[in-house]
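Content type mmCIF, C-alpha atoms, from the file coords_27.cif:
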data_model
loop_
_atom_site.group_PDB
_atom_site.id
_atom_site.type_symbol
_atom_site.label_atom_id
_atom_site.label_comp_id
_atom_site.auth_asym_id
_atom_site.auth_seq_id
_atom_site.Cartn_x
_atom_site.Cartn_y
_atom_site.Cartn_z
ATOM 1 C CA MET A 1015 174.642 -109.798 -17.089
ATOM 2 C CA SER A 1016 176.136 -112.821 -15.281
ATOM 3 C CA ILE A 1017 175.565 -116.227 -16.805
ATOM 4 C CA ILE A 1018 176.382 -118.209 -13.642
ATOM 5 C CA ARG A 1019 175.236 -117.284 -10.128
ATOM 6 C CA ILE A 1020 177.067 -118.937 -7.247
ATOM 7 C CA GLY A 1021 175.315 -119.125 -3.887
ATOM 8 C CA THR A 1022 177.622 -118.898 -0.887
ATOM 9 C CA ARG A 1023 177.737 -118.015 2.776
ATOM 10 C CA GLY A 1024 179.437 -114.726 3.610
ATOM 11 C CA SER A 1025 182.247 -115.956 5.868
ATOM 12 C CA GLN A 1026 185.820 -115.455 4.724
ATOM 13 C CA LEU A 1027 186.291 -119.198 4.275
ATOM 14 C CA ALA A 1028 183.036 -119.653 2.342
ATOM 15 C CA LEU A 1029 183.969 -116.752 0.065
ATOM 16 C CA ALA A 1030 187.459 -118.179 -0.495
ATOM 17 C CA GLN A 1031 185.885 -121.469 -1.583
ATOM 18 C CA ALA A 1032 183.357 -119.718 -3.839
ATOM 19 C CA ARG A 1033 186.137 -117.650 -5.432
ATOM 20 C CA GLU A 1034 188.157 -120.803 -6.064
ATOM 21 C CA THR A 1035 185.130 -122.305 -7.808
ATOM 22 C CA LYS A 1036 184.658 -119.128 -9.849
ATOM 23 C CA ALA A 1037 188.320 -119.091 -10.902
ATOM 24 C CA ARG A 1038 188.158 -122.738 -11.984
ATOM 25 C CA LEU A 1039 184.994 -122.101 -14.018
ATOM 26 C CA MET A 1040 186.583 -119.082 -15.708
ATOM 27 C CA GLN A 1041 189.687 -121.090 -16.588
ATOM 28 C CA ALA A 1042 187.751 -124.147 -17.810
ATOM 29 C CA HIS A 1043 185.377 -122.192 -20.061
ATOM 30 C CA GLY A 1044 187.208 -118.975 -20.959
ATOM 31 C CA LEU A 1045 184.730 -116.857 -18.997
ATOM 32 C CA SER A 1046 185.284 -113.339 -17.694
ATOM 33 C CA ASP A 1047 184.909 -112.073 -14.135
ATOM 34 C CA GLU A 1048 181.591 -110.425 -15.059
ATOM 35 C CA ASP A 1049 180.165 -113.726 -16.314
ATOM 36 C CA ILE A 1050 180.047 -115.213 -12.803
ATOM 37 C CA GLU A 1051 178.295 -113.572 -9.855
ATOM 38 C CA LEU A 1052 178.760 -114.479 -6.192
ATOM 39 C CA VAL A 1053 175.438 -114.261 -4.352
ATOM 40 C CA ILE A 1054 175.954 -114.075 -0.576
ATOM 41 C CA ILE A 1055 173.192 -115.750 1.409
ATOM 42 C CA LYS A 1056 172.948 -115.560 5.189
ATOM 43 C CA THR A 1057 172.123 -118.909 6.774
ATOM 44 C CA THR A 1058 170.555 -119.673 10.132
ATOM 45 C CA GLY A 1059 173.867 -121.145 11.257
ATOM 46 C CA ASP A 1060 175.550 -117.806 10.563
ATOM 47 C CA MET A 1061 172.897 -115.770 12.353
ATOM 48 C CA VAL A 1062 172.531 -117.858 15.517
ATOM 49 C CA ARG A 1063 175.931 -118.066 17.188
ATOM 50 C CA ASP A 1064 175.103 -118.208 20.881
ATOM 51 C CA ARG A 1065 173.997 -121.855 20.973
ATOM 52 C CA PRO A 1066 175.470 -125.214 19.893
ATOM 53 C CA LEU A 1067 174.373 -126.329 16.420
ATOM 54 C CA ALA A 1068 172.746 -129.458 17.819
ATOM 55 C CA ASP A 1069 170.399 -127.281 19.892
ATOM 56 C CA ILE A 1070 169.086 -125.341 16.898
ATOM 57 C CA GLY A 1071 168.765 -128.004 14.245
ATOM 58 C CA GLY A 1072 172.132 -129.423 13.227
ATOM 59 C CA LYS A 1073 174.254 -129.260 10.080
ATOM 60 C CA GLY A 1074 171.535 -128.195 7.654
ATOM 61 C CA LEU A 1075 171.577 -124.742 9.245
ATOM 62 C CA PHE A 1076 174.567 -123.855 7.060
ATOM 63 C CA THR A 1077 172.921 -125.012 3.824
ATOM 64 C CA LYS A 1078 169.128 -124.598 4.130
ATOM 65 C CA GLU A 1079 168.749 -121.015 2.877
ATOM 66 C CA ILE A 1080 171.261 -121.557 0.070
ATOM 67 C CA GLU A 1081 169.418 -124.671 -1.064
ATOM 68 C CA GLU A 1082 166.140 -122.729 -1.027
ATOM 69 C CA ALA A 1083 167.776 -120.182 -3.367
ATOM 70 C CA LEU A 1084 168.834 -123.060 -5.640
ATOM 71 C CA LEU A 1085 165.368 -124.548 -5.738
ATOM 72 C CA ASP A 1086 163.645 -121.252 -6.569
ATOM 73 C CA GLY A 1087 166.217 -120.335 -9.238
ATOM 74 C CA ARG A 1088 167.914 -117.365 -7.540
ATOM 75 C CA VAL A 1089 171.290 -119.114 -7.898
ATOM 76 C CA ASP A 1090 172.574 -121.785 -10.289
ATOM 77 C CA LEU A 1091 174.961 -123.595 -7.982
ATOM 78 C CA ALA A 1092 176.011 -123.623 -4.349
ATOM 79 C CA VAL A 1093 179.493 -124.118 -2.905
ATOM 80 C CA HIS A 1094 179.657 -125.994 0.403
ATOM 81 C CA SER A 1095 182.211 -127.308 2.850
ATOM 82 C CA MET A 1096 181.176 -130.937 2.530
ATOM 83 C CA LYS A 1097 181.482 -131.545 6.265
ATOM 84 C CA ASP A 1098 178.559 -129.092 6.707
ATOM 85 C CA VAL A 1099 176.289 -130.957 4.282
ATOM 86 C CA PRO A 1100 173.596 -133.050 6.020
ATOM 87 C CA ALA A 1101 173.169 -136.751 5.317
ATOM 88 C CA GLU A 1102 169.997 -136.082 3.312
ATOM 89 C CA LEU A 1103 169.714 -133.500 0.524
ATOM 90 C CA PRO A 1104 166.439 -131.800 -0.472
ATOM 91 C CA ALA A 1105 164.537 -133.485 -3.293
ATOM 92 C CA GLY A 1106 165.647 -132.165 -6.671
ATOM 93 C CA LEU A 1107 169.185 -131.204 -5.604
ATOM 94 C CA ALA A 1108 172.474 -133.088 -5.958
ATOM 95 C CA ILE A 1109 176.171 -132.663 -5.222
ATOM 96 C CA VAL A 1110 177.548 -133.001 -8.743
ATOM 97 C CA CYS A 1111 181.151 -131.834 -8.391
ATOM 98 C CA HIS A 1112 184.007 -131.962 -5.883
ATOM 99 C CA LEU A 1113 187.090 -129.770 -6.026
ATOM 100 C CA PRO A 1114 190.470 -131.291 -5.084
ATOM 101 C CA ARG A 1115 190.515 -132.005 -1.364
ATOM 102 C CA GLU A 1116 192.690 -130.018 1.016
ATOM 103 C CA ASP A 1117 194.407 -131.377 4.151
ATOM 104 C CA ALA A 1118 191.680 -133.289 6.015
ATOM 105 C CA ARG A 1119 193.391 -133.223 9.414
ATOM 106 C CA ASP A 1120 192.278 -131.271 12.456
ATOM 107 C CA ALA A 1121 194.430 -128.328 13.503
ATOM 108 C CA PHE A 1122 195.299 -128.001 17.200
ATOM 109 C CA LEU A 1123 195.835 -124.373 18.169
ATOM 110 C CA SER A 1124 197.225 -123.312 21.527
ATOM 111 C CA PRO A 1125 199.503 -120.612 22.923
ATOM 112 C CA LYS A 1126 200.206 -122.877 25.918
ATOM 113 C CA ALA A 1127 200.940 -126.365 24.569
ATOM 114 C CA GLU A 1128 202.583 -127.888 21.516
ATOM 115 C CA SER A 1129 200.184 -130.840 21.310
ATOM 116 C CA ILE A 1130 197.131 -132.421 22.916
ATOM 117 C CA ASP A 1131 199.398 -134.532 25.141
ATOM 118 C CA ALA A 1132 201.249 -131.419 26.307
ATOM 119 C CA LEU A 1133 198.135 -129.620 27.565
ATOM 120 C CA PRO A 1134 198.324 -128.971 31.321
ATOM 121 C CA GLU A 1135 196.007 -131.006 33.521
ATOM 122 C CA GLY A 1136 192.532 -129.467 33.668
ATOM 123 C CA ALA A 1137 193.141 -127.264 30.610
ATOM 124 C CA VAL A 1138 190.143 -125.525 29.065
ATOM 125 C CA VAL A 1139 189.589 -126.439 25.401
ATOM 126 C CA GLY A 1140 187.063 -124.613 23.253
ATOM 127 C CA THR A 1141 185.092 -126.511 20.631
ATOM 128 C CA SER A 1142 181.469 -126.874 19.599
ATOM 129 C CA SER A 1143 182.156 -130.051 17.638
ATOM 130 C CA VAL A 1144 180.753 -133.089 19.460
ATOM 131 C CA ARG A 1145 183.227 -135.258 17.517
ATOM 132 C CA ARG A 1146 186.284 -133.268 18.561
ATOM 133 C CA ALA A 1147 185.032 -133.038 22.146
ATOM 134 C CA ALA A 1148 184.442 -136.804 22.378
ATOM 135 C CA GLN A 1149 187.780 -137.677 20.777
ATOM 136 C CA LEU A 1150 189.595 -135.237 23.044
ATOM 137 C CA LEU A 1151 187.889 -136.564 26.191
ATOM 138 C CA ALA A 1152 188.750 -140.115 25.148
ATOM 139 C CA MET A 1153 192.418 -139.100 25.223
ATOM 140 C CA ARG A 1154 192.336 -136.496 27.957
ATOM 141 C CA PRO A 1155 189.373 -136.978 30.324
ATOM 142 C CA ASP A 1156 190.885 -134.369 32.646
ATOM 143 C CA VAL A 1157 190.333 -131.403 30.305
ATOM 144 C CA LYS A 1158 187.314 -129.127 30.412
ATOM 145 C CA VAL A 1159 185.497 -128.594 27.099
ATOM 146 C CA VAL A 1160 183.662 -125.286 26.622
ATOM 147 C CA PRO A 1161 181.469 -124.180 23.658
ATOM 148 C CA PHE A 1162 183.384 -122.298 20.946
ATOM 149 C CA ARG A 1163 181.338 -121.205 17.931
ATOM 150 C CA GLY A 1164 181.873 -118.550 15.292
ATOM 151 C CA ASN A 1165 183.942 -118.115 12.153
ATOM 152 C CA VAL A 1166 187.704 -118.629 12.026
ATOM 153 C CA ASP A 1167 188.539 -115.047 13.044
ATOM 154 C CA THR A 1168 186.115 -115.172 15.976
ATOM 155 C CA ARG A 1169 187.589 -118.392 17.311
ATOM 156 C CA LEU A 1170 191.161 -117.184 16.885
ATOM 157 C CA ARG A 1171 190.262 -113.999 18.770
ATOM 158 C CA LYS A 1172 188.643 -115.977 21.614
ATOM 159 C CA LEU A 1173 191.840 -118.018 21.901
ATOM 160 C CA GLU A 1174 193.984 -114.861 22.020
ATOM 161 C CA GLU A 1175 191.693 -113.401 24.693
ATOM 162 C CA GLY A 1176 192.270 -116.430 26.898
ATOM 163 C CA VAL A 1177 188.708 -117.781 26.775
ATOM 164 C CA ALA A 1178 190.325 -121.203 26.366
ATOM 165 C CA ASP A 1179 193.801 -122.711 26.510
ATOM 166 C CA ALA A 1180 193.386 -124.421 23.144
ATOM 167 C CA THR A 1181 190.953 -125.017 20.321
ATOM 168 C CA PHE A 1182 190.610 -126.955 17.092
ATOM 169 C CA LEU A 1183 189.945 -125.847 13.520
ATOM 170 C CA ALA A 1184 190.311 -127.673 10.216
ATOM 171 C CA CYS A 1185 193.745 -127.507 8.599
ATOM 172 C CA ALA A 1186 191.969 -127.146 5.247
ATOM 173 C CA GLY A 1187 190.202 -123.926 6.201
ATOM 174 C CA LEU A 1188 193.319 -122.336 7.666
ATOM 175 C CA ASN A 1189 195.338 -123.310 4.591
ATOM 176 C CA ARG A 1190 192.705 -121.851 2.234
ATOM 177 C CA LEU A 1191 192.734 -118.598 4.197
ATOM 178 C CA GLY A 1192 196.524 -118.352 4.186
ATOM 179 C CA LEU A 1193 196.624 -118.853 7.959
ATOM 180 C CA SER A 1194 198.585 -122.101 8.165
ATOM 181 C CA GLU A 1195 201.107 -120.402 10.473
ATOM 182 C CA LYS A 1196 198.405 -120.372 13.160
ATOM 183 C CA ILE A 1197 198.482 -124.184 13.363
ATOM 184 C CA THR A 1198 200.307 -125.401 16.467
ATOM 185 C CA GLN A 1199 199.969 -129.049 15.441
ATOM 186 C CA ALA A 1200 198.335 -130.789 12.495
ATOM 187 C CA VAL A 1201 196.812 -133.693 14.415
ATOM 188 C CA PRO A 1202 197.628 -137.063 12.787
ATOM 189 C CA GLU A 1203 194.580 -139.033 11.590
ATOM 190 C CA ASP A 1204 195.484 -141.933 13.884
ATOM 191 C CA VAL A 1205 195.247 -139.564 16.858
ATOM 192 C CA MET A 1206 192.076 -137.733 15.825
ATOM 193 C CA LEU A 1207 190.154 -139.180 12.890
ATOM 194 C CA PRO A 1208 188.680 -136.238 10.903
ATOM 195 C CA ALA A 1209 185.039 -135.361 10.345
ATOM 196 C CA VAL A 1210 183.237 -136.916 7.392
ATOM 197 C CA ALA A 1211 184.408 -135.093 4.210
ATOM 198 C CA GLN A 1212 186.521 -132.567 6.117
ATOM 199 C CA GLY A 1213 188.652 -130.533 3.702
ATOM 200 C CA ALA A 1214 186.409 -131.267 0.703
ATOM 201 C CA ILE A 1215 184.426 -128.677 -1.264
ATOM 202 C CA GLY A 1216 181.198 -129.889 -2.847
ATOM 203 C CA ILE A 1217 179.173 -128.070 -5.482
ATOM 204 C CA GLU A 1218 175.416 -128.544 -5.464
ATOM 205 C CA THR A 1219 172.917 -127.779 -8.210
ATOM 206 C CA ARG A 1220 169.464 -128.780 -9.403
ATOM 207 C CA GLU A 1221 169.325 -132.325 -10.711
ATOM 208 C CA ASP A 1222 167.541 -131.218 -13.894
ATOM 209 C CA ASP A 1223 169.902 -128.297 -14.634
ATOM 210 C CA THR A 1224 171.864 -129.917 -17.458
ATOM 211 C CA ARG A 1225 173.536 -126.624 -18.442
ATOM 212 C CA THR A 1226 175.121 -126.027 -15.030
ATOM 213 C CA ARG A 1227 176.038 -129.702 -14.644
ATOM 214 C CA ALA A 1228 177.888 -129.557 -17.967
ATOM 215 C CA LEU A 1229 179.761 -126.425 -16.886
ATOM 216 C CA LEU A 1230 180.839 -128.125 -13.650
ATOM 217 C CA ALA A 1231 181.862 -131.457 -15.194
ATOM 218 C CA PRO A 1232 185.462 -130.412 -16.046
ATOM 219 C CA LEU A 1233 186.013 -129.217 -12.461
ATOM 220 C CA ASN A 1234 185.242 -132.526 -10.767
ATOM 221 C CA ASP A 1235 188.132 -134.236 -8.984
ATOM 222 C CA GLU A 1236 187.311 -137.938 -9.169
ATOM 223 C CA GLU A 1237 189.589 -139.064 -6.341
ATOM 224 C CA THR A 1238 187.994 -136.569 -3.957
ATOM 225 C CA ALA A 1239 184.523 -137.657 -5.112
ATOM 226 C CA VAL A 1240 185.333 -141.318 -4.374
ATOM 227 C CA ARG A 1241 186.813 -140.578 -0.944
ATOM 228 C CA VAL A 1242 183.835 -138.415 0.008
ATOM 229 C CA ALA A 1243 181.407 -141.085 -1.231
ATOM 230 C CA ALA A 1244 182.955 -143.648 1.118
ATOM 231 C CA GLU A 1245 182.813 -141.312 4.101
ATOM 232 C CA ARG A 1246 179.275 -140.104 3.394
ATOM 233 C CA GLY A 1247 178.117 -143.685 2.905
ATOM 234 C CA PHE A 1248 179.009 -144.144 6.564
ATOM 235 C CA LEU A 1249 177.293 -140.894 7.614
ATOM 236 C CA ILE A 1250 174.118 -141.501 5.620
ATOM 237 C CA ARG A 1251 173.619 -145.074 6.859
ATOM 238 C CA LEU A 1252 173.955 -143.836 10.430
ATOM 239 C CA GLU A 1253 171.746 -140.811 9.675
ATOM 240 C CA GLY A 1254 174.450 -138.804 11.387
ATOM 241 C CA SER A 1255 173.564 -135.503 12.987
ATOM 242 C CA CYS A 1256 175.368 -132.858 15.001
ATOM 243 C CA ARG A 1257 174.451 -134.842 18.107
ATOM 244 C CA THR A 1258 176.405 -137.901 16.963
ATOM 245 C CA PRO A 1259 180.209 -138.021 17.363
ATOM 246 C CA LEU A 1260 181.202 -139.594 14.047
ATOM 247 C CA ALA A 1261 184.503 -139.592 12.152
ATOM 248 C CA ALA A 1262 185.570 -141.089 8.841
ATOM 249 C CA HIS A 1263 188.572 -140.805 6.577
ATOM 250 C CA ALA A 1264 189.189 -142.483 3.220
ATOM 251 C CA VAL A 1265 192.356 -142.495 1.140
ATOM 252 C CA MET A 1266 193.255 -143.961 -2.244
ATOM 253 C CA ARG A 1267 196.259 -146.286 -2.397
ATOM 254 C CA ASP A 1268 197.245 -148.503 -5.314
ATOM 255 C CA GLY A 1269 193.865 -147.988 -6.960
ATOM 256 C CA ALA A 1270 191.878 -149.074 -3.897
ATOM 257 C CA VAL A 1271 189.862 -147.119 -1.335
ATOM 258 C CA HIS A 1272 190.950 -147.528 2.285
ATOM 259 C CA LEU A 1273 188.341 -146.324 4.769
ATOM 260 C CA ARG A 1274 188.512 -145.921 8.542
ATOM 261 C CA VAL A 1275 185.489 -144.877 10.588
ATOM 262 C CA GLU A 1276 184.579 -144.431 14.213
ATOM 263 C CA ALA A 1277 181.702 -143.459 16.452
ATOM 264 C CA LEU A 1278 181.875 -142.397 20.083
ATOM 265 C CA THR A 1279 179.675 -141.619 23.047
ATOM 266 C CA LEU A 1280 179.459 -137.909 23.791
ATOM 267 C CA ASP A 1281 181.770 -138.224 26.788
ATOM 268 C CA GLY A 1282 184.352 -140.245 24.860
ATOM 269 C CA THR A 1283 184.233 -143.181 27.271
ATOM 270 C CA ARG A 1284 183.112 -145.650 24.590
ATOM 271 C CA ARG A 1285 184.318 -145.873 21.007
ATOM 272 C CA TRP A 1286 183.613 -148.144 18.061
ATOM 273 C CA ARG A 1287 185.838 -148.460 14.994
ATOM 274 C CA ALA A 1288 185.730 -150.205 11.645
ATOM 275 C CA GLU A 1289 187.854 -150.389 8.479
ATOM 276 C CA ARG A 1290 187.114 -151.306 4.886
ATOM 277 C CA THR A 1291 189.139 -151.658 1.683
ATOM 278 C CA GLY A 1292 187.619 -151.969 -1.767
ATOM 279 C CA ALA A 1293 187.219 -150.756 -5.326
ATOM 280 C CA PRO A 1294 186.389 -147.089 -6.029
ATOM 281 C CA GLU A 1295 183.000 -148.000 -7.531
ATOM 282 C CA ASP A 1296 182.066 -149.620 -4.205
ATOM 283 C CA ALA A 1297 183.072 -146.623 -2.069
ATOM 284 C CA PHE A 1298 179.591 -145.631 -0.893
ATOM 285 C CA ALA A 1299 178.603 -149.227 -0.146
ATOM 286 C CA MET A 1300 181.821 -149.705 1.857
ATOM 287 C CA GLY A 1301 180.910 -146.753 4.058
ATOM 288 C CA ALA A 1302 177.396 -148.057 4.584
ATOM 289 C CA ASP A 1303 178.728 -151.522 5.425
ATOM 290 C CA ALA A 1304 181.161 -150.070 7.986
ATOM 291 C CA ALA A 1305 178.206 -148.242 9.542
ATOM 292 C CA GLU A 1306 176.296 -151.526 9.811
ATOM 293 C CA GLU A 1307 179.183 -153.016 11.779
ATOM 294 C CA ILE A 1308 179.207 -150.049 14.173
ATOM 295 C CA LEU A 1309 175.427 -150.248 14.588
ATOM 296 C CA ARG A 1310 175.666 -153.924 15.503
ATOM 297 C CA GLU A 1311 178.408 -153.323 18.044
ATOM 298 C CA ALA A 1312 177.157 -150.089 19.590
ATOM 299 C CA GLY A 1313 173.418 -150.737 19.650
ATOM 300 C CA GLU A 1314 171.472 -148.350 21.866
ATOM 301 C CA ALA A 1315 174.668 -146.803 23.253
ATOM 302 C CA LEU A 1316 175.110 -144.727 20.088
ATOM 303 C CA VAL A 1317 173.531 -141.276 20.266
ATOM 304 C CA ARG A 1318 171.433 -140.685 17.139
#
Structure re-expressed in structure tokens:
Amino acid sequence: MSIIRIGTRGSQLALAQARETKARLMQAHGLSDEDIELVIIKTTGDMVRDRPLADIGGKGLFTKEIEEALLDGRVDLAVHSMKDVPAELPAGLAIVCHLPREDARDAFLSPKAESIDALPEGAVVGTSSVRRAAQLLAMRPDVKVVPFRGNVDTRLRKLEEGVADATFLACAGLNRLGLSEKITQAVPEDVMLPAVAQGAIGIETREDDTRTRALLAPLNDEETAVRVAAERGFLIRLEGSCRTPLAAHAVMRDGAVHLRVEALTLDGTRRWRAERTGAPEDAFAMGADAAEEILREAGEALVR
């Protein structure tokens, strides 16, 4: 009988992240394969693929059913891509562990152009991310953005079938799936600032589950936790949703946290940016403070 049950979505990327968590738990505690069970849970976001996320409820669609399984005790922990985790968690649950962060950059994929700048005029770009669409339109207002949902394989297939001239995925996901050769260009952060917590894996459990929290403690990567705290401080203060084009990226240099954030209008015609530098223990507050600056500058123009 398994002693740890991991709740996960059934996509190839979600399973890769759950298996990484399982392997780290086995190594940290001398557990066997049979001691840890992966429990696949289908989420609303997985089942409804014909509409943009913002039209059916936003980010929580990839976590809601898994969190329900946590709360009723069917699983002991849940493994999430942190960029899919909503600003507000259900009462009684907490993200208690972060695995080491992968490459946070966006991946530009195209059989027709080597970079965003090289796209032909009027090119069709597939993405269902309001952030990527807004950032792209800010740079290239001539392109046409079309909805592009589905898992990594689905989006790669759509690209091969010519549904679009280019698309974007996360470098982190492609790297974790062993598909880094598919990346045409890893887009520099100063060209396209990544999504909040992109490339980070967060592990969620019940706040009162001291046993599971103790098992996860050795797995936590503190630098990733600090960087994610800064970025989510920005998201949470803005109550960011899938309707809000938001981006944030924090790095650690010389013991300090350096945070850059931005918000955009949906069409990319207006953009607000802020930067903060501070101590790791102030990471969350730095993000929230950067959000306050954006709120003051953007006012009613910011979609929320």
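Shortest separation to A:Asp1235 among A:Ile1215, A:Leu1085, A:Leu1273, A:Ala1178 occurs at residue A:Ile1215, atoms counted being all atoms listed in the file.
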Neighbours of A:Glu1236 within 10 Å (all atoms listed in the file; same-chain residues fewer than 6 positions away dropped), as a list in words? Cys1111, His1112, Leu1113, Pro1114, Val1242 and Pro1294 of chain A
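Atom pair atom CA of A:Ser1124 / atom CA of A:Leu1173 has a distance of 7.6 Å (rounded to one decimal).
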Which polymer residues have any atom within 9 Å of an atom of A:Met1040, counting only C-alpha atoms, with same-chain residues fewer than 5 positions away left out, as a list in words? Thr1035, Leu1045, Ser1046, Asp1047, Asp1049 and Ile1050 of chain A
Check the smallest atom-to-atom distance from each of A:Arg1019, A:Arg1145, A:Arg1287, A:His1272 to A:Ile1080 using all atoms listed in the file, then report the winner. A:Arg1019
Selection in question (the file shown): the PyMOL selection byres ((chain A and resi 1188-1200) around 9). Which residues does it include, as a tab-separated table (two decimals) with C-alpha atoms, keeping the file's coordinate frame?
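File produced: out.tsv:
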chain	number	residue	atom	x	y	z
A	1026	GLN	CA	185.82	-115.46	4.72
A	1027	LEU	CA	186.29	-119.20	4.28
A	1030	ALA	CA	187.46	-118.18	-0.50
A	1031	GLN	CA	185.88	-121.47	-1.58
A	1116	GLU	CA	192.69	-130.02	1.02
A	1117	ASP	CA	194.41	-131.38	4.15
A	1119	ARG	CA	193.39	-133.22	9.41
A	1120	ASP	CA	192.28	-131.27	12.46
A	1121	ALA	CA	194.43	-128.33	13.50
A	1122	PHE	CA	195.30	-128.00	17.20
A	1123	LEU	CA	195.84	-124.37	18.17
A	1124	SER	CA	197.22	-123.31	21.53
A	1125	PRO	CA	199.50	-120.61	22.92
A	1127	ALA	CA	200.94	-126.36	24.57
A	1128	GLU	CA	202.58	-127.89	21.52
A	1129	SER	CA	200.18	-130.84	21.31
A	1130	ILE	CA	197.13	-132.42	22.92
A	1166	VAL	CA	187.70	-118.63	12.03
A	1170	LEU	CA	191.16	-117.18	16.89
A	1183	LEU	CA	189.94	-125.85	13.52
A	1184	ALA	CA	190.31	-127.67	10.22
A	1185	CYS	CA	193.74	-127.51	8.60
A	1186	ALA	CA	191.97	-127.15	5.25
A	1187	GLY	CA	190.20	-123.93	6.20
A	1201	VAL	CA	196.81	-133.69	14.42
A	1202	PRO	CA	197.63	-137.06	12.79
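Between atom CA of A:Ala1277 and atom CA of A:Ile1308 the interatomic distance comes to 7.4 Å.
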Suppose a student applies the PyMOL selection byres ((chain A and resi 1159-1161) around 9) to this structure; what residues should they get, written as an NGL selection string? :A and (1065-1066 or 1137-1143 or 1147 or 1150-1151 or 1157-1158 or 1162-1163 or 1178)
What does the distance between atom CA of A:Glu1082 and atom CA of A:Ala1302 come to in Å, to one decimal place? 28.3 Å
The PyMOL selection byres ((chain A and resi 1230) around 12) applied to the shown file, residues as a PyMOL selection string: chain A and resi 1018+1020+1035-1036+1038-1043+1090-1093+1109-1113+1216-1219+1223-1229+1231-1235
Would you save the residues from that selection as a PDB file, in the coordinates of the input, using C-alpha atoms?
ATOM      1  CA  ILE A1018     176.382-118.209 -13.642  1.00  0.00           C
ATOM      2  CA  ILE A1020     177.067-118.937  -7.247  1.00  0.00           C
ATOM      3  CA  THR A1035     185.130-122.305  -7.808  1.00  0.00           C
ATOM      4  CA  LYS A1036     184.658-119.128  -9.849  1.00  0.00           C
ATOM      5  CA  ARG A1038     188.158-122.738 -11.984  1.00  0.00           C
ATOM      6  CA  LEU A1039     184.994-122.101 -14.018  1.00  0.00           C
ATOM      7  CA  MET A1040     186.583-119.082 -15.708  1.00  0.00           C
ATOM      8  CA  GLN A1041     189.687-121.090 -16.588  1.00  0.00           C
ATOM      9  CA  ALA A1042     187.751-124.147 -17.810  1.00  0.00           C
ATOM     10  CA  HIS A1043     185.377-122.192 -20.061  1.00  0.00           C
ATOM     11  CA  ASP A1090     172.574-121.785 -10.289  1.00  0.00           C
ATOM     12  CA  LEU A1091     174.961-123.595  -7.982  1.00  0.00           C
ATOM     13  CA  ALA A1092     176.011-123.623  -4.349  1.00  0.00           C
ATOM     14  CA  VAL A1093     179.493-124.118  -2.905  1.00  0.00           C
ATOM     15  CA  ILE A1109     176.171-132.663  -5.222  1.00  0.00           C
ATOM     16  CA  VAL A1110     177.548-133.001  -8.743  1.00  0.00           C
ATOM     17  CA  CYS A1111     181.151-131.834  -8.391  1.00  0.00           C
ATOM     18  CA  HIS A1112     184.007-131.962  -5.883  1.00  0.00           C
ATOM     19  CA  LEU A1113     187.090-129.770  -6.026  1.00  0.00           C
ATOM     20  CA  GLY A1216     181.198-129.889  -2.847  1.00  0.00           C
ATOM     21  CA  ILE A1217     179.173-128.070  -5.482  1.00  0.00           C
ATOM     22  CA  GLU A1218     175.416-128.544  -5.464  1.00  0.00           C
ATOM     23  CA  THR A1219     172.917-127.779  -8.210  1.00  0.00           C
ATOM     24  CA  ASP A1223     169.902-128.297 -14.634  1.00  0.00           C
ATOM     25  CA  THR A1224     171.864-129.917 -17.458  1.00  0.00           C
ATOM     26  CA  ARG A1225     173.536-126.624 -18.442  1.00  0.00           C
ATOM     27  CA  THR A1226     175.121-126.027 -15.030  1.00  0.00           C
ATOM     28  CA  ARG A1227     176.038-129.702 -14.644  1.00  0.00           C
ATOM     29  CA  ALA A1228     177.888-129.557 -17.967  1.00  0.00           C
ATOM     30  CA  LEU A1229     179.761-126.425 -16.886  1.00  0.00           C
ATOM     31  CA  ALA A1231     181.862-131.457 -15.194  1.00  0.00           C
ATOM     32  CA  PRO A1232     185.462-130.412 -16.046  1.00  0.00           C
ATOM     33  CA  LEU A1233     186.013-129.217 -12.461  1.00  0.00           C
ATOM     34  CA  ASN A1234     185.242-132.526 -10.767  1.00  0.00           C
ATOM     35  CA  ASP A1235     188.132-134.236  -8.984  1.00  0.00           C
TER      36      ASP A1235
END
So that all listed atoms of stretch 1185-1197 of chain A fit with 6 Å spare on each side, what axis-aligned box centre and edge lengths in Å, to one decimal, would you give as lines of an AutoDock Vina configuration file?
center_x = 195.7
center_y = -122.9
center_z = 7.8
size_x = 22.9
size_y = 21.2
size_z = 23.1
Excluding A:Ala1243 and its own-chain neighbours fewer than 6 positions away, which residues fall within 9 Å of it when counting only C-alpha atoms? Please give them as number ranges by chain. A: 1211, 1297-1299, 1301
From the list A:Arg1290, A:Arg1257, A:Arg1220, A:Arg1251, the nearest residue to A:Gly1087 using only C-alpha atoms is A:Arg1220
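Look at everything within 9 Å of (181.6, -148.3, 18.8) using only C-alpha atoms, and the residues you get are Glu1276, Ala1277, Leu1278, Thr1279, Arg1284, Arg1285, Trp1286, Arg1287, Ala1288, Glu1307, Ile1308, Leu1309, Arg1310, Glu1311, Ala1312, Gly1313, Ala1315 and Leu1316 of chain A.
For the set A:Pro1100, A:Thr1168, A:Ala1132, A:Leu1052, the residue with the smallest atom-to-atom gap to A:Arg1088 is A:Leu1052, counting only C-alpha atoms.
Minimum atom-to-atom distances from A:Leu1249, A:Val1240, A:Leu1103, A:Ala1261 to A:Asp1303 were compared using only C-alpha atoms, and the lowest value belongs to A:Leu1249.
Considering the residues A:Glu1079, A:Asp1098, A:Glu1048, A:Asp1167 and counting all atoms listed in the file, A:Ser1025 has its shortest atom-to-atom contact with A:Asp1167.
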Can you list, as a ChimeraX atom specification, every protein, DNA or RNA residue that comes within 8 Å of A:Ile1054 when you count only C-alpha atoms, leaving out same-chain residues fewer than 2 positions away? /A:1021-1024,1052,1056
